[in-house]
Amino acid sequence: MKIARFVEGGQPRLGIVEDGVVYRAEGDLFDPGALRRGDAVGPLDEVELLTPVQPGKIVAVGLNYALHVTENDPTRQVPDEPVLFMKPTSALLPHGGVILLPPGNRIDHEAELCIVIGRRASRVPEAQALDYVLGYTCGNDVSHRDYQRKDGQWVRAKGFDTFCPLGPVIATDLDPNDLAIQSRLNGEVRQNSRTSNMIFSPVFLVSFISNVMTLEPGDVIMTGTPEGVGPMQPGDTIEVEIEGIGTLRNTTRARD
């Protein structure tokens with residue numbers, strides 16, 4: 001099942017997406033088996049979408065594809081444990097939204113598979129990790145490289161408003177272990193990999209992070225980006241496509 005959130009009559013609504021069409025849905029996002037499909041709203045790209053979930057927190061993983069670890073720094077070592085940081089929920093941006101680029105020399109796109117937590121998870125064994133997952137969506141970990149290098153830690157570099165595009169849907173029936181992941185800038189492929197190239201698998205990440213902090217329903221884990229990250233300029237269109245989920249598309253403009 002593919003689940004979306006959209007705006008209708010000025011209010012957030014839940015939807016089921018089938019064959020590129022959004023249908024109204026009744027029920028609980030975190031109980032997809034009980035969702036009831038209603039009338040059609042319209043084609044996915046013509047409906048005003050929200051982020052497919054409103055997380056309480058966004059936990060991100062850095063340096064999780066070996067070829068990305070060294071692409072900007074050939075001396076960087078492959079980590080022996082996941083590198084964790086967090087993005088604020090104020091950075092969220094839906095499919096179709098505009099990424100606002102503050103002044104700087106380089107602001108990069110980063111295509112990422114995102115895990116959406118379905119139920120409260122604390123100290124979860126790896127063998128049971130998927131029992132706590134609602135589904136998966138596409139994310140773009142927009143990164144201001146000037147501040148990432150200057151600050152040492154990544155909160156400012158990763159935390160600007162609009163720096164966390166997410167969507168367009170949550171895919172609930174998906175094996176995350178070997179999915180094609182791609183980014184395209186103005187139609188040109190920039191990142192092209194598979195989730196099987198992760199250093200730390202999605203299942204391992206859910207277990208590892210839940211042993212650090214309790215994950216609540218709706219929380220999002222961004223699992224890292226493959227090689228090929230690169231800068232965006234005002235007026236660009238950036239797309240993140242993941243097999244079985246769909247395409248997250250956003251445009252950019254300079255921040256006022």
# chains A, B, ... in the order shown; residues from 1 in each chain; ligands from 1

$ residues_around --residues "A:Gly159" --least-positions-apart "5" --cutoff "7 Å" --atoms "only C-alpha atoms" --output "list in words"
Lys87, Pro88 and Ala91 of chain A

$ closest_atom_pairs --of "stretch 75-120 of chain A" --to "stretch 201-210 of chain A" --cutoff "12 Å" --atoms "only C-alpha atoms" --output "CSV"
residue,atom,partner,partner_atom,distance
A:Glu81,CA,A:Phe208,CA,9.1
A:Pro82,CA,A:Leu205,CA,7.6
A:Val83,CA,A:Ile209,CA,10.4
A:Leu84,CA,A:Ile209,CA,8.5
A:Phe85,CA,A:Ile209,CA,10.8
A:Met86,CA,A:Ile209,CA,11.7
A:Glu112,CA,A:Pro202,CA,11.5
A:Leu113,CA,A:Pro202,CA,9.0
A:Cys114,CA,A:Pro202,CA,9.0
A:Ile115,CA,A:Pro202,CA,7.6
A:Val116,CA,A:Val206,CA,10.0
A:Ile117,CA,A:Val206,CA,8.6
A:Gly118,CA,A:Val206,CA,11.4
A:Arg119,CA,A:Ser210,CA,11.5
A:Arg120,CA,A:Ser210,CA,9.3

$ closest_residue --among "A:Asp178, A:Asp80, A:Asp219, A:Phe160" --to "A:Pro103" --atoms "only C-alpha atoms"
A:Phe160

$ residues_around --residues "A:Met1" --least-positions-apart "3" --cutoff "7 Å" --atoms "only C-alpha atoms" --output "list in words"
Ala171, Thr172 and Asp173 of chain A

$ write_last_selection --atoms "C-alpha atoms" --output "PDB file, in the first residue's frame"
ATOM      1  CA  ALA A 171       5.192   2.489   0.818  1.00  0.00           C
ATOM      2  CA  THR A 172       4.237  -0.087   3.431  1.00  0.00           C
ATOM      3  CA  ASP A 173       4.878  -3.372   1.596  1.00  0.00           C
TER       4      ASP A 173
END

$ closest_residue --among "A:Gln148, A:Arg13, A:Leu101, A:Arg36" --to "A:Asp256" --atoms "only C-alpha atoms"
A:Leu101

$ select_by_dssp --residues "stretch 53-226 of chain A" --states "helix (DSSP H, G or I)" --output "ChimeraX atom specification"
/A:66-69,89-91,126-132,145-151,155-159,176-178,195-197,202-210

$ residues_around --residues "A:Asp146" --least-positions-apart "2" --cutoff "8 Å" --atoms "only C-alpha atoms" --output "MDAnalysis selection string"
chainID A and resid 104:107 144 148:150 157

$ closest_atom_pairs --of "stretch 132-201 of chain A" --to "stretch 228-235 of chain A" --cutoff "12 Å" --atoms "only C-alpha atoms" --output "Markdown table"
| residue | atom | partner | partner_atom | distance |
| --- | --- | --- | --- | --- |
| A:Asn140 | CA | A:Val229 | CA | 10.6 |
| A:Asp141 | CA | A:Val229 | CA | 10.2 |
| A:Val142 | CA | A:Met232 | CA | 9.4 |
| A:Ser143 | CA | A:Pro231 | CA | 9.1 |
| A:His144 | CA | A:Pro231 | CA | 9.2 |
| A:Arg145 | CA | A:Pro231 | CA | 9.2 |
| A:Asp146 | CA | A:Pro231 | CA | 11.6 |
| A:Ile181 | CA | A:Gly228 | CA | 11.5 |
| A:Gln182 | CA | A:Gly228 | CA | 9.5 |
| A:Ser183 | CA | A:Gly228 | CA | 8.6 |
| A:Arg184 | CA | A:Gly228 | CA | 10.2 |
| A:Leu185 | CA | A:Met232 | CA | 7.8 |
| A:Asn186 | CA | A:Gly235 | CA | 9.3 |
| A:Glu188 | CA | A:Gly228 | CA | 11.6 |
| A:Val189 | CA | A:Gly228 | CA | 9.1 |
| A:Arg190 | CA | A:Gly228 | CA | 5.5 |
| A:Gln191 | CA | A:Gly228 | CA | 4.6 |
| A:Asn192 | CA | A:Gly228 | CA | 7.6 |
| A:Ser193 | CA | A:Gly228 | CA | 9.3 |

$ atom_distance --atom1 "atom CA of A:Ile3" --atom2 "atom CA of A:Glu227"
28.9 Å

$ select_by_dssp --residues "stretch 14-70 of chain A" --states "strand (DSSP E or B)" --output "ChimeraX atom specification"
/A:14-18,21-26,36-43,49,58-62,65

$ residues_around --residues "A:Ile99" --least-positions-apart "2" --cutoff "10 Å" --atoms "only C-alpha atoms" --output "compact mmCIF listing (two decimals) with all heavy atoms, in the first residue's frame"
# COMPACT_ATOMS: atom_id res chain seq x y z
N ALA A 91 12.49 21.70 9.32
CA ALA A 91 13.13 21.59 8.01
C ALA A 91 12.28 20.83 7.00
O ALA A 91 12.61 20.79 5.81
CB ALA A 91 14.49 20.90 8.14
N LEU A 92 11.17 20.22 7.44
CA LEU A 92 10.35 19.39 6.56
C LEU A 92 9.78 20.18 5.39
O LEU A 92 9.38 21.34 5.55
CB LEU A 92 9.22 18.74 7.35
CG LEU A 92 9.63 17.59 8.26
CD1 LEU A 92 8.50 17.26 9.22
CD2 LEU A 92 10.04 16.35 7.45
N LEU A 93 9.71 19.52 4.24
CA LEU A 93 9.16 20.12 3.03
C LEU A 93 8.49 19.00 2.23
O LEU A 93 9.08 17.94 2.04
CB LEU A 93 10.28 20.75 2.20
CG LEU A 93 9.87 21.51 0.94
CD1 LEU A 93 9.17 22.81 1.30
CD2 LEU A 93 11.08 21.78 0.06
N PRO A 94 7.26 19.21 1.75
CA PRO A 94 6.60 18.15 1.00
C PRO A 94 7.05 18.08 -0.46
O PRO A 94 7.72 19.00 -0.97
CB PRO A 94 5.12 18.53 1.09
CG PRO A 94 5.14 20.02 1.20
CD PRO A 94 6.37 20.35 2.00
N GLY A 96 6.89 18.71 -4.16
CA GLY A 96 6.39 19.89 -4.84
C GLY A 96 6.75 21.20 -4.19
O GLY A 96 6.56 22.27 -4.79
N GLY A 97 7.28 21.15 -2.96
CA GLY A 97 7.66 22.37 -2.27
C GLY A 97 8.97 22.95 -2.79
O GLY A 97 9.72 22.29 -3.53
N LEU A 101 17.35 28.32 -0.69
CA LEU A 101 18.80 28.25 -0.59
C LEU A 101 19.35 29.53 0.03
O LEU A 101 19.31 30.59 -0.59
CB LEU A 101 19.42 28.05 -1.97
CG LEU A 101 18.93 26.82 -2.76
CD1 LEU A 101 19.61 26.76 -4.13
CD2 LEU A 101 19.19 25.53 -1.98
N PRO A 102 19.89 29.45 1.26
CA PRO A 102 20.52 30.63 1.85
C PRO A 102 21.84 30.92 1.16
O PRO A 102 22.34 30.10 0.38
CB PRO A 102 20.72 30.21 3.32
CG PRO A 102 20.77 28.74 3.29
CD PRO A 102 19.91 28.28 2.15
N VAL A 142 19.23 17.85 2.38
CA VAL A 142 19.89 19.05 1.84
C VAL A 142 20.95 19.53 2.85
O VAL A 142 20.69 19.60 4.05
CB VAL A 142 18.86 20.15 1.56
CG1 VAL A 142 19.55 21.39 0.99
CG2 VAL A 142 17.78 19.64 0.59
N PHE A 160 18.47 24.03 8.11
CA PHE A 160 17.71 25.18 7.62
C PHE A 160 16.27 24.77 7.28
O PHE A 160 16.00 23.64 6.89
CB PHE A 160 18.37 25.76 6.36
CG PHE A 160 19.57 26.62 6.64
CD1 PHE A 160 20.85 26.07 6.67
CD2 PHE A 160 19.43 27.98 6.84
CE1 PHE A 160 21.96 26.86 6.92
CE2 PHE A 160 20.54 28.79 7.09
CZ PHE A 160 21.81 28.23 7.13
N ASP A 161 15.35 25.72 7.40
CA ASP A 161 13.99 25.49 6.92
C ASP A 161 14.03 25.02 5.46
O ASP A 161 14.81 25.57 4.66
CB ASP A 161 13.17 26.78 7.01
CG ASP A 161 12.88 27.20 8.44
OD1 ASP A 161 13.19 26.43 9.38
OD2 ASP A 161 12.33 28.31 8.63
N THR A 162 13.22 24.04 5.14
CA THR A 162 13.06 23.41 3.81
C THR A 162 14.19 22.45 3.47
O THR A 162 14.22 21.92 2.36
CB THR A 162 12.92 24.44 2.66
OG1 THR A 162 14.19 25.06 2.37
CG2 THR A 162 11.87 25.50 2.99
N PHE A 163 15.10 22.16 4.39
CA PHE A 163 16.24 21.29 4.10
C PHE A 163 15.94 19.81 4.31
O PHE A 163 16.87 18.99 4.28
CB PHE A 163 17.46 21.70 4.94
CG PHE A 163 18.36 22.73 4.28
CD1 PHE A 163 17.85 23.65 3.38
CD2 PHE A 163 19.72 22.77 4.57
CE1 PHE A 163 18.68 24.60 2.78
CE2 PHE A 163 20.55 23.71 3.98
CZ PHE A 163 20.04 24.62 3.07
N CYS A 164 14.65 19.46 4.47
CA CYS A 164 14.31 18.03 4.60
C CYS A 164 13.06 17.70 3.77
O CYS A 164 12.01 17.39 4.31
CB CYS A 164 14.08 17.65 6.06
SG CYS A 164 13.91 15.87 6.31
N PRO A 165 13.17 17.76 2.44
CA PRO A 165 12.06 17.27 1.61
C PRO A 165 11.79 15.79 1.89
O PRO A 165 12.73 14.99 2.03
CB PRO A 165 12.57 17.49 0.18
CG PRO A 165 13.60 18.57 0.30
CD PRO A 165 14.26 18.31 1.62
N MET A 232 23.28 22.46 -5.72
CA MET A 232 22.07 22.96 -6.37
C MET A 232 22.16 24.47 -6.47
O MET A 232 22.77 25.12 -5.63
CB MET A 232 20.83 22.56 -5.57
CG MET A 232 20.64 21.06 -5.42
SD MET A 232 19.19 20.63 -4.43
CE MET A 232 19.66 21.28 -2.80
N PRO A 234 19.74 28.17 -7.50
CA PRO A 234 18.37 28.66 -7.64
C PRO A 234 17.83 28.38 -9.03
O PRO A 234 18.52 28.55 -10.04
CB PRO A 234 18.52 30.16 -7.39
CG PRO A 234 19.72 30.28 -6.50
CD PRO A 234 20.66 29.22 -6.98
N GLY A 235 16.58 27.90 -9.07
CA GLY A 235 15.94 27.56 -10.33
C GLY A 235 16.08 26.11 -10.74
O GLY A 235 15.51 25.69 -11.75
N ASP A 236 16.82 25.32 -9.97
CA ASP A 236 17.00 23.89 -10.27
C ASP A 236 15.75 23.10 -9.88
O ASP A 236 14.97 23.52 -9.02
CB ASP A 236 18.19 23.32 -9.51
CG ASP A 236 19.54 23.70 -10.13
OD1 ASP A 236 19.54 24.16 -11.29
OD2 ASP A 236 20.57 23.54 -9.45
N THR A 237 15.63 21.93 -10.50
CA THR A 237 14.66 20.91 -10.07
C THR A 237 15.44 19.69 -9.65
O THR A 237 16.28 19.17 -10.41
CB THR A 237 13.69 20.55 -11.21
OG1 THR A 237 12.91 21.69 -11.56
CG2 THR A 237 12.75 19.42 -10.78
N ILE A 238 15.21 19.23 -8.44
CA ILE A 238 15.90 18.06 -7.91
C ILE A 238 14.87 16.96 -7.65
O ILE A 238 13.83 17.20 -7.04
CB ILE A 238 16.70 18.39 -6.63
CG1 ILE A 238 17.42 17.15 -6.08
CG2 ILE A 238 15.84 19.07 -5.57
CD1 ILE A 238 18.52 16.63 -6.96
N ASN A 250 11.31 18.48 -6.09
CA ASN A 250 11.29 19.82 -5.52
C ASN A 250 12.05 20.78 -6.41
O ASN A 250 12.98 20.37 -7.12
CB ASN A 250 11.90 19.84 -4.11
CG ASN A 250 11.14 18.98 -3.14
OD1 ASN A 250 11.48 17.80 -2.94
ND2 ASN A 250 10.10 19.52 -2.53
N THR A 251 11.69 22.04 -6.36
CA THR A 251 12.45 23.09 -7.04
C THR A 251 13.21 23.89 -6.00
O THR A 251 13.02 23.71 -4.79
CB THR A 251 11.52 24.00 -7.84
OG1 THR A 251 10.51 24.53 -6.97
CG2 THR A 251 10.86 23.24 -8.99
N THR A 252 14.08 24.77 -6.47
CA THR A 252 14.89 25.59 -5.56
C THR A 252 14.79 27.05 -5.95
O THR A 252 14.57 27.40 -7.11
CB THR A 252 16.38 25.17 -5.61
OG1 THR A 252 16.89 25.45 -6.91
CG2 THR A 252 16.56 23.69 -5.31
N ARG A 253 14.97 27.90 -4.95
CA ARG A 253 15.14 29.33 -5.22
C ARG A 253 15.96 29.94 -4.10
O ARG A 253 16.08 29.36 -3.01
CB ARG A 253 13.81 30.05 -5.37
CG ARG A 253 12.95 30.18 -4.14
CD ARG A 253 11.77 31.10 -4.43
NE ARG A 253 10.79 31.14 -3.36
CZ ARG A 253 10.87 31.92 -2.29
NH1 ARG A 253 11.93 32.71 -2.12
NH2 ARG A 253 9.93 31.92 -1.36
N ALA A 254 16.53 31.07 -4.35
CA ALA A 254 17.32 31.77 -3.33
C ALA A 254 16.39 32.25 -2.20
O ALA A 254 15.27 32.69 -2.45
CB ALA A 254 18.05 32.96 -3.93
N ARG A 255 16.88 32.10 -0.99
CA ARG A 255 16.11 32.59 0.16
C ARG A 255 16.15 34.10 0.20
O ARG A 255 17.20 34.72 0.02
CB ARG A 255 16.70 32.00 1.45
CG ARG A 255 15.81 32.22 2.67
CD ARG A 255 16.43 31.63 3.91
NE ARG A 255 17.59 32.39 4.35
CZ ARG A 255 18.26 32.13 5.48
NH1 ARG A 255 17.91 31.12 6.23
NH2 ARG A 255 19.31 32.86 5.81

$ atom_distance --atom1 "atom CA of A:Glu216" --atom2 "atom CA of A:Pro176"
19.9 Å

$ atom_distance --atom1 "atom CA of A:Pro125" --atom2 "atom CA of A:Pro226"
26.3 Å

$ residues_around --residues "A:Leu44" --least-positions-apart "5" --cutoff "6 Å" --atoms "only C-alpha atoms" --output "JSON list (two decimals) with C-alpha atoms, in the first residue's frame"
[["chain", "number", "residue", "atom", "x", "y", "z"],
["A", 20, "GLY", "CA", -0.86, 7.36, -9.56],
["A", 21, "VAL", "CA", -4.28, 8.46, -8.26],
["A", 22, "VAL", "CA", -4.95, 9.73, -4.73]]

$ residues_around --residues "A:Ala25" --least-positions-apart "3" --cutoff "9 Å" --atoms "only C-alpha atoms" --output "MDAnalysis selection string"
chainID A and resid 3 13:16 35:39

$ closest_residue --among "A:Gln128, A:Val169, A:Lys158, A:Arg249" --to "A:Gly187" --atoms "only C-alpha atoms"
A:Arg249

$ closest_residue --among "A:Tyr65, A:Phe30, A:Tyr132, A:Tyr147" --to "A:Ala111" --atoms "only C-alpha atoms"
A:Tyr65
